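Enquirer: Sharing query.cif, mmCIF, C-alpha atoms:
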```
data_target
loop_
_atom_site.label_atom_id
_atom_site.label_comp_id
_atom_site.auth_asym_id
_atom_site.auth_seq_id
_atom_site.Cartn_x
_atom_site.Cartn_y
_atom_site.Cartn_z
CA MET A 53 -50.85 -63.12 -44.91
CA LYS A 54 -49.45 -61.77 -41.65
CA VAL A 55 -49.70 -58.03 -41.01
CA HIS A 56 -46.49 -56.83 -39.39
CA VAL A 57 -46.47 -54.41 -36.46
CA LEU A 58 -44.02 -52.32 -38.49
CA ARG A 59 -46.35 -51.96 -41.51
CA GLY A 60 -46.44 -48.29 -42.46
CA LYS A 61 -44.23 -47.19 -39.56
CA ARG A 62 -41.79 -44.48 -40.59
CA ILE A 63 -38.35 -45.56 -39.38
CA LEU A 64 -35.31 -43.33 -39.68
CA ILE A 65 -31.96 -45.10 -40.11
CA VAL A 66 -28.82 -43.09 -39.33
CA GLU A 67 -25.86 -45.38 -40.02
CA ASP A 68 -22.57 -44.64 -41.77
CA GLU A 69 -21.56 -48.23 -42.55
CA TYR A 70 -23.07 -48.97 -45.95
CA PHE A 71 -23.62 -52.71 -45.56
CA ILE A 72 -25.19 -52.37 -42.11
CA ALA A 73 -27.48 -49.61 -43.37
CA ALA A 74 -28.46 -51.64 -46.44
CA ASP A 75 -29.16 -54.75 -44.34
CA LEU A 76 -31.31 -52.75 -41.92
CA LYS A 77 -33.22 -51.10 -44.75
CA ARG A 78 -33.93 -54.46 -46.34
CA ALA A 79 -34.94 -56.14 -43.06
CA LEU A 80 -37.30 -53.30 -42.12
CA GLY A 81 -38.70 -53.08 -45.64
CA ASP A 82 -39.44 -56.81 -45.48
CA ARG A 83 -41.72 -55.95 -42.53
CA ASP A 84 -43.50 -53.30 -44.62
CA ALA A 85 -41.93 -50.36 -42.76
CA VAL A 86 -41.36 -47.04 -44.52
CA VAL A 87 -37.61 -46.51 -44.23
CA LEU A 88 -36.35 -42.94 -44.07
CA GLY A 89 -32.81 -42.91 -45.34
CA PRO A 90 -30.57 -44.46 -44.53
CA VAL A 91 -28.50 -41.38 -43.95
CA ALA A 92 -24.82 -41.58 -43.07
CA SER A 93 -23.96 -38.31 -41.34
CA LEU A 94 -25.00 -36.02 -38.52
CA ASP A 95 -25.89 -33.26 -41.00
CA ALA A 96 -28.04 -35.58 -43.13
CA GLY A 97 -29.82 -36.89 -40.04
CA MET A 98 -30.52 -33.37 -38.83
CA ALA A 99 -31.82 -32.45 -42.30
CA VAL A 100 -34.36 -35.28 -42.12
CA LEU A 101 -35.53 -33.90 -38.77
CA ASP A 102 -35.65 -30.37 -40.19
CA ASP A 103 -37.99 -31.58 -42.94
CA GLY A 104 -40.59 -32.00 -40.21
CA GLY A 105 -42.01 -35.25 -41.53
CA ALA A 106 -43.42 -37.86 -39.18
CA ILE A 107 -40.99 -40.36 -37.69
CA ASP A 108 -42.29 -43.24 -35.61
CA ILE A 109 -38.94 -44.59 -34.42
CA ALA A 110 -35.25 -44.24 -35.28
CA VAL A 111 -32.12 -46.38 -35.40
CA LEU A 112 -28.99 -44.38 -34.61
CA ASP A 113 -25.35 -45.34 -34.93
CA VAL A 114 -23.56 -43.40 -32.19
CA ASN A 115 -20.38 -42.66 -34.16
CA LEU A 116 -20.97 -41.20 -37.60
CA ASP A 117 -17.53 -40.90 -39.15
CA GLY A 118 -16.18 -39.20 -36.04
CA ALA A 119 -19.30 -37.18 -35.15
CA ASP A 120 -21.68 -38.31 -32.40
CA SER A 121 -25.35 -38.76 -33.22
CA TYR A 122 -26.39 -37.37 -29.82
CA PRO A 123 -27.77 -34.11 -31.31
CA ILE A 124 -30.15 -36.24 -33.38
CA ALA A 125 -31.06 -38.24 -30.26
CA GLU A 126 -31.78 -35.00 -28.37
CA ARG A 127 -34.10 -33.75 -31.11
CA LEU A 128 -35.89 -37.09 -31.34
CA ALA A 129 -36.38 -37.17 -27.56
CA ALA A 130 -37.74 -33.62 -27.61
CA ARG A 131 -40.28 -34.73 -30.24
CA GLY A 132 -41.19 -37.84 -28.24
CA VAL A 133 -39.80 -40.18 -30.91
CA PRO A 134 -38.31 -43.38 -29.50
CA PHE A 135 -34.96 -44.58 -30.80
CA VAL A 136 -32.44 -47.36 -30.44
CA PHE A 137 -28.67 -47.05 -30.61
CA VAL A 138 -26.60 -49.47 -32.68
CA THR A 139 -22.98 -49.11 -31.71
CA GLY A 140 -19.70 -50.69 -30.84
CA TYR A 141 -19.62 -48.68 -27.61
CA ASP A 142 -20.31 -50.31 -24.26
CA SER A 143 -23.11 -48.76 -22.22
CA TRP A 144 -20.62 -47.31 -19.70
CA ALA A 145 -19.03 -45.29 -22.52
CA MET A 146 -22.34 -43.61 -23.35
CA PRO A 147 -23.39 -40.34 -21.70
CA SER A 148 -25.47 -41.08 -18.61
CA ALA A 149 -28.57 -39.54 -20.21
CA TYR A 150 -28.54 -42.29 -22.86
CA ARG A 151 -27.62 -45.37 -20.82
CA SER A 152 -31.27 -46.39 -20.46
CA ILE A 153 -31.93 -46.18 -24.22
CA PRO A 154 -32.06 -49.56 -25.95
CA ARG A 155 -28.64 -50.36 -27.40
CA LEU A 156 -27.54 -53.15 -29.69
CA ALA A 157 -23.83 -53.89 -29.81
CA LYS A 158 -22.16 -54.28 -33.17
CA PRO A 159 -21.92 -56.67 -34.82
CA PHE A 160 -25.58 -57.69 -34.69
CA PRO A 161 -27.93 -59.51 -37.02
CA PRO A 162 -30.48 -57.16 -38.64
CA GLY A 163 -33.23 -59.32 -37.18
CA ALA A 164 -32.17 -58.26 -33.68
CA VAL A 165 -32.83 -54.62 -34.57
CA VAL A 166 -36.19 -55.53 -36.11
CA ARG A 167 -37.22 -57.45 -32.97
CA THR A 168 -36.11 -54.59 -30.71
CA ILE A 169 -38.07 -52.04 -32.73
CA GLU A 170 -41.15 -54.27 -32.80
CA GLN A 171 -41.00 -54.60 -29.01
CA MET A 172 -40.58 -50.84 -28.58
CA ILE A 173 -43.61 -50.15 -30.79
CA GLU A 174 -45.74 -52.76 -29.06
CA GLU A 175 -44.85 -51.28 -25.65
CA LYS A 176 -45.60 -47.72 -26.76
#
```
Do you think you could lay out the structure here as structure tokens?

Expert:
Amino acid sequence: MKVHVLRGKRILIVEDEYFIAADLKRALGDRDAVVLGPVASLDAGMAVLDDGGAIDIAVLDVNLDGADSYPIAERLAARGVPFVFVTGYDSWAMPSAYRSIPRLAKPFPPGAVVRTIEQMIEEK
């Protein structure tokens, strides 16, 4: 039985599209990750951060029903928590501070997010 690099990692999903969030949760759970959420709004994402629990890595949709997830990204960065953006935005449309953050363009297969997160954890 293969032990996955994601086993036991606490991964926050902030995504407002139900089917994408459900697919990500399932794909990460299949790798034995502990999925936090998914949550679908800026307020819910901030509440998870306010709880103070450990987060190893996060997946953030940039646009959450009209609100940007950048405040969540700022808080994660301040805590030293790596994150990846999943978005329909091109990199040039992102604020310059976030252009170097890994970004997966929608639509994407959930496996692409899993591989990106695995690489980020292995490089950490």

Enquirer: Got a sec to resolve the PyMOL selection byres ((chain A and resi 59) around 12) on this structure and send the residues as a list in words?

Expert: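 Applying the expression gives Lys54, Val55, His56, Val57, Leu58, Gly60, Lys61, Arg62, Ile63, Leu80, Gly81, Asp82, Arg83, Asp84, Ala85, Val86, Val87, Asp108, Glu170 and Ile173 of chain A.
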
Enquirer: Please report the interatomic distance between CA of Val136 in chain A and CA of Arg155 in chain A in Å with one decimal.

Expert: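 Spanning CA of Val136 in chain A to CA of Arg155 in chain A is a straight-line distance of 5.7 Å.
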
Enquirer: Taking all atoms listed in the file into account, name the residue in A:Lys158, A:Arg131, A:Arg151, A:Arg78 that is nearest to Ala110 in chain A.

Expert: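 Using all atoms listed in the file, the shortest distance to Ala110 in chain A belongs to A:Arg131.
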
Enquirer: Restricting the calculation to all atoms listed in the file, which member of A:Pro90, A:Phe71, A:Ser148, A:Ile153 is positioned closest to Phe135 in chain A?

Expert: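 Of A:Pro90, A:Phe71, A:Ser148, A:Ile153, the one nearest Phe135 in chain A, counting all atoms listed in the file, is A:Ile153.
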
Enquirer: Once the PyMOL selection byres ((chain A and resi 147) around 12) has been applied to the shown file, what residues remain in the selection, as a ChimeraX atom specification?

Expert: /A:114,120-122,125-126,141-146,148-153

Enquirer: With distances taken over only C-alpha atoms, which of A:Ile72, A:Val166, A:Leu64, A:Val91 is nearest to Val133 in chain A?

Expert: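 Residue with the minimum atom-to-atom distance to Val133 in chain A: A:Leu64.
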
Enquirer: Could you work out how far CA of Leu88 in chain A lies from CA of Gly163 in chain A, giving the answer in Å with one decimal?

Expert: 18.0 Å

Enquirer: Calculate how many Å separate CA of Pro134 in chain A from CA of Ile109 in chain A, rounding to one decimal.

Expert: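 Taking CA of Pro134 in chain A as the start and CA of Ile109 in chain A as the end point, the length is 5.1 Å.
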
Enquirer: Using only C-alpha atoms, find the one residue out of A:Pro159, A:Gly140, A:Gly89, A:Pro123 that sits nearest to Ala73 in chain A.

Expert: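 Using only C-alpha atoms, the shortest distance to Ala73 in chain A belongs to A:Gly89.
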
Enquirer: Taking only C-alpha atoms into account, which of A:Glu174, A:Asp102, A:Glu67, A:Asp95 comes nearest Phe137 in chain A?

Expert: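 For Phe137 in chain A, the nearest of the given residues is A:Glu67.
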
Enquirer: Can you pull out every residue within 10 Å of Leu101 in chain A, counting all atoms listed in the file, but drop anything in the same chain fewer than 3 positions away, and send it as a PDB file with C-alpha atoms, keeping the file's coordinate frame?

Expert:
```
ATOM      1  CA  LEU A  64     -35.310 -43.330 -39.680  1.00  0.00           C
ATOM      2  CA  ASP A  95     -25.890 -33.260 -41.000  1.00  0.00           C
ATOM      3  CA  ALA A  96     -28.040 -35.580 -43.130  1.00  0.00           C
ATOM      4  CA  GLY A  97     -29.820 -36.890 -40.040  1.00  0.00           C
ATOM      5  CA  MET A  98     -30.520 -33.370 -38.830  1.00  0.00           C
ATOM      6  CA  GLY A 104     -40.590 -32.000 -40.210  1.00  0.00           C
ATOM      7  CA  GLY A 105     -42.010 -35.250 -41.530  1.00  0.00           C
ATOM      8  CA  ALA A 106     -43.420 -37.860 -39.180  1.00  0.00           C
ATOM      9  CA  ILE A 107     -40.990 -40.360 -37.690  1.00  0.00           C
ATOM     10  CA  ILE A 124     -30.150 -36.240 -33.380  1.00  0.00           C
ATOM     11  CA  ARG A 127     -34.100 -33.750 -31.110  1.00  0.00           C
ATOM     12  CA  LEU A 128     -35.890 -37.090 -31.340  1.00  0.00           C
ATOM     13  CA  ARG A 131     -40.280 -34.730 -30.240  1.00  0.00           C
TER      14      ARG A 131
END
```

Enquirer: Grab all the atoms of range 163-175 of chain A that the file lists, wrap them in a box along x, y and z, add 5 Å per side, and give me centre plus edge lengths in Å (one decimal) as JSON.

Expert:
```
{"center_x": -39.0, "center_y": -54.7, "center_z": -31.4, "size_x": 23.6, "size_y": 19.2, "size_z": 21.5}
```

Enquirer: Please output range 70-81 of chain A, rebuilt to include all heavy atoms, as a PDB file, in the frame of the given file.

Expert:
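And here's part08.pdb as it stands now:
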```pdb
ATOM      1  N   TYR A  70     -22.165 -48.674 -44.837  1.00  0.00           N
ATOM      2  CA  TYR A  70     -23.070 -48.970 -45.950  1.00  0.00           C
ATOM      3  C   TYR A  70     -23.770 -50.317 -45.819  1.00  0.00           C
ATOM      4  O   TYR A  70     -24.994 -50.403 -45.974  1.00  0.00           O
ATOM      5  CB  TYR A  70     -22.319 -48.896 -47.282  1.00  0.00           C
ATOM      6  CG  TYR A  70     -23.186 -49.317 -48.437  1.00  0.00           C
ATOM      7  CD1 TYR A  70     -24.098 -48.437 -49.002  1.00  0.00           C
ATOM      8  CD2 TYR A  70     -23.123 -50.613 -48.929  1.00  0.00           C
ATOM      9  CE1 TYR A  70     -24.925 -48.823 -50.040  1.00  0.00           C
ATOM     10  CE2 TYR A  70     -23.955 -51.011 -49.972  1.00  0.00           C
ATOM     11  CZ  TYR A  70     -24.847 -50.119 -50.516  1.00  0.00           C
ATOM     12  OH  TYR A  70     -25.666 -50.515 -51.538  1.00  0.00           O
ATOM     13  N   PHE A  71     -23.021 -51.377 -45.564  1.00  0.00           N
ATOM     14  CA  PHE A  71     -23.620 -52.710 -45.560  1.00  0.00           C
ATOM     15  C   PHE A  71     -24.585 -52.889 -44.388  1.00  0.00           C
ATOM     16  O   PHE A  71     -25.630 -53.526 -44.533  1.00  0.00           O
ATOM     17  CB  PHE A  71     -22.539 -53.798 -45.571  1.00  0.00           C
ATOM     18  CG  PHE A  71     -21.812 -53.857 -46.882  1.00  0.00           C
ATOM     19  CD1 PHE A  71     -20.494 -53.454 -46.969  1.00  0.00           C
ATOM     20  CD2 PHE A  71     -22.463 -54.277 -48.034  1.00  0.00           C
ATOM     21  CE1 PHE A  71     -19.829 -53.488 -48.187  1.00  0.00           C
ATOM     22  CE2 PHE A  71     -21.809 -54.314 -49.255  1.00  0.00           C
ATOM     23  CZ  PHE A  71     -20.488 -53.921 -49.331  1.00  0.00           C
ATOM     24  N   ILE A  72     -24.268 -52.309 -43.246  1.00  0.00           N
ATOM     25  CA  ILE A  72     -25.190 -52.370 -42.110  1.00  0.00           C
ATOM     26  C   ILE A  72     -26.467 -51.617 -42.445  1.00  0.00           C
ATOM     27  O   ILE A  72     -27.580 -52.107 -42.227  1.00  0.00           O
ATOM     28  CB  ILE A  72     -24.534 -51.808 -40.829  1.00  0.00           C
ATOM     29  CG1 ILE A  72     -23.400 -52.725 -40.371  1.00  0.00           C
ATOM     30  CG2 ILE A  72     -25.571 -51.625 -39.721  1.00  0.00           C
ATOM     31  CD1 ILE A  72     -22.587 -52.178 -39.215  1.00  0.00           C
ATOM     32  N   ALA A  73     -26.315 -50.412 -43.000  1.00  0.00           N
ATOM     33  CA  ALA A  73     -27.480 -49.610 -43.370  1.00  0.00           C
ATOM     34  C   ALA A  73     -28.347 -50.331 -44.395  1.00  0.00           C
ATOM     35  O   ALA A  73     -29.579 -50.360 -44.281  1.00  0.00           O
ATOM     36  CB  ALA A  73     -27.026 -48.245 -43.903  1.00  0.00           C
ATOM     37  N   ALA A  74     -27.711 -50.932 -45.398  1.00  0.00           N
ATOM     38  CA  ALA A  74     -28.460 -51.640 -46.440  1.00  0.00           C
ATOM     39  C   ALA A  74     -29.190 -52.852 -45.862  1.00  0.00           C
ATOM     40  O   ALA A  74     -30.345 -53.116 -46.215  1.00  0.00           O
ATOM     41  CB  ALA A  74     -27.519 -52.069 -47.565  1.00  0.00           C
ATOM     42  N   ASP A  75     -28.524 -53.588 -44.971  1.00  0.00           N
ATOM     43  CA  ASP A  75     -29.160 -54.750 -44.340  1.00  0.00           C
ATOM     44  C   ASP A  75     -30.353 -54.330 -43.488  1.00  0.00           C
ATOM     45  O   ASP A  75     -31.395 -54.995 -43.492  1.00  0.00           O
ATOM     46  CB  ASP A  75     -28.163 -55.524 -43.485  1.00  0.00           C
ATOM     47  CG  ASP A  75     -27.151 -56.316 -44.303  1.00  0.00           C
ATOM     48  OD1 ASP A  75     -27.350 -56.483 -45.525  1.00  0.00           O
ATOM     49  OD2 ASP A  75     -26.140 -56.757 -43.708  1.00  0.00           O
ATOM     50  N   LEU A  76     -30.202 -53.237 -42.736  1.00  0.00           N
ATOM     51  CA  LEU A  76     -31.310 -52.750 -41.920  1.00  0.00           C
ATOM     52  C   LEU A  76     -32.472 -52.293 -42.791  1.00  0.00           C
ATOM     53  O   LEU A  76     -33.639 -52.597 -42.495  1.00  0.00           O
ATOM     54  CB  LEU A  76     -30.845 -51.597 -41.020  1.00  0.00           C
ATOM     55  CG  LEU A  76     -29.948 -51.974 -39.853  1.00  0.00           C
ATOM     56  CD1 LEU A  76     -29.434 -50.725 -39.153  1.00  0.00           C
ATOM     57  CD2 LEU A  76     -30.693 -52.867 -38.880  1.00  0.00           C
ATOM     58  N   LYS A  77     -32.167 -51.575 -43.853  1.00  0.00           N
ATOM     59  CA  LYS A  77     -33.220 -51.100 -44.750  1.00  0.00           C
ATOM     60  C   LYS A  77     -33.990 -52.277 -45.330  1.00  0.00           C
ATOM     61  O   LYS A  77     -35.231 -52.273 -45.377  1.00  0.00           O
ATOM     62  CB  LYS A  77     -32.619 -50.243 -45.867  1.00  0.00           C
ATOM     63  CG  LYS A  77     -33.667 -49.704 -46.813  1.00  0.00           C
ATOM     64  CD  LYS A  77     -33.065 -48.776 -47.852  1.00  0.00           C
ATOM     65  CE  LYS A  77     -34.163 -48.219 -48.752  1.00  0.00           C
ATOM     66  NZ  LYS A  77     -33.641 -47.242 -49.684  1.00  0.00           N
ATOM     67  N   ARG A  78     -33.284 -53.287 -45.761  1.00  0.00           N
ATOM     68  CA  ARG A  78     -33.930 -54.460 -46.340  1.00  0.00           C
ATOM     69  C   ARG A  78     -34.778 -55.198 -45.299  1.00  0.00           C
ATOM     70  O   ARG A  78     -35.927 -55.554 -45.556  1.00  0.00           O
ATOM     71  CB  ARG A  78     -32.875 -55.406 -46.935  1.00  0.00           C
ATOM     72  CG  ARG A  78     -33.433 -56.618 -47.641  1.00  0.00           C
ATOM     73  CD  ARG A  78     -32.369 -57.473 -48.353  1.00  0.00           C
ATOM     74  NE  ARG A  78     -31.054 -57.506 -47.756  1.00  0.00           N
ATOM     75  CZ  ARG A  78     -30.010 -56.741 -48.137  1.00  0.00           C
ATOM     76  NH1 ARG A  78     -30.139 -55.867 -49.108  1.00  0.00           N
ATOM     77  NH2 ARG A  78     -28.844 -56.839 -47.537  1.00  0.00           N
ATOM     78  N   ALA A  79     -34.223 -55.409 -44.102  1.00  0.00           N
ATOM     79  CA  ALA A  79     -34.940 -56.140 -43.060  1.00  0.00           C
ATOM     80  C   ALA A  79     -36.211 -55.401 -42.632  1.00  0.00           C
ATOM     81  O   ALA A  79     -37.263 -56.024 -42.422  1.00  0.00           O
ATOM     82  CB  ALA A  79     -34.034 -56.374 -41.848  1.00  0.00           C
ATOM     83  N   LEU A  80     -36.125 -54.087 -42.499  1.00  0.00           N
ATOM     84  CA  LEU A  80     -37.300 -53.300 -42.120  1.00  0.00           C
ATOM     85  C   LEU A  80     -38.310 -53.221 -43.261  1.00  0.00           C
ATOM     86  O   LEU A  80     -39.518 -53.287 -43.041  1.00  0.00           O
ATOM     87  CB  LEU A  80     -36.878 -51.903 -41.655  1.00  0.00           C
ATOM     88  CG  LEU A  80     -36.087 -51.892 -40.353  1.00  0.00           C
ATOM     89  CD1 LEU A  80     -35.431 -50.533 -40.134  1.00  0.00           C
ATOM     90  CD2 LEU A  80     -36.962 -52.282 -39.177  1.00  0.00           C
ATOM     91  N   GLY A  81     -37.821 -53.092 -44.471  1.00  0.00           N
ATOM     92  CA  GLY A  81     -38.700 -53.080 -45.640  1.00  0.00           C
ATOM     93  C   GLY A  81     -39.443 -54.403 -45.784  1.00  0.00           C
ATOM     94  O   GLY A  81     -40.608 -54.428 -46.190  1.00  0.00           O
TER      95      GLY A  81
END
```
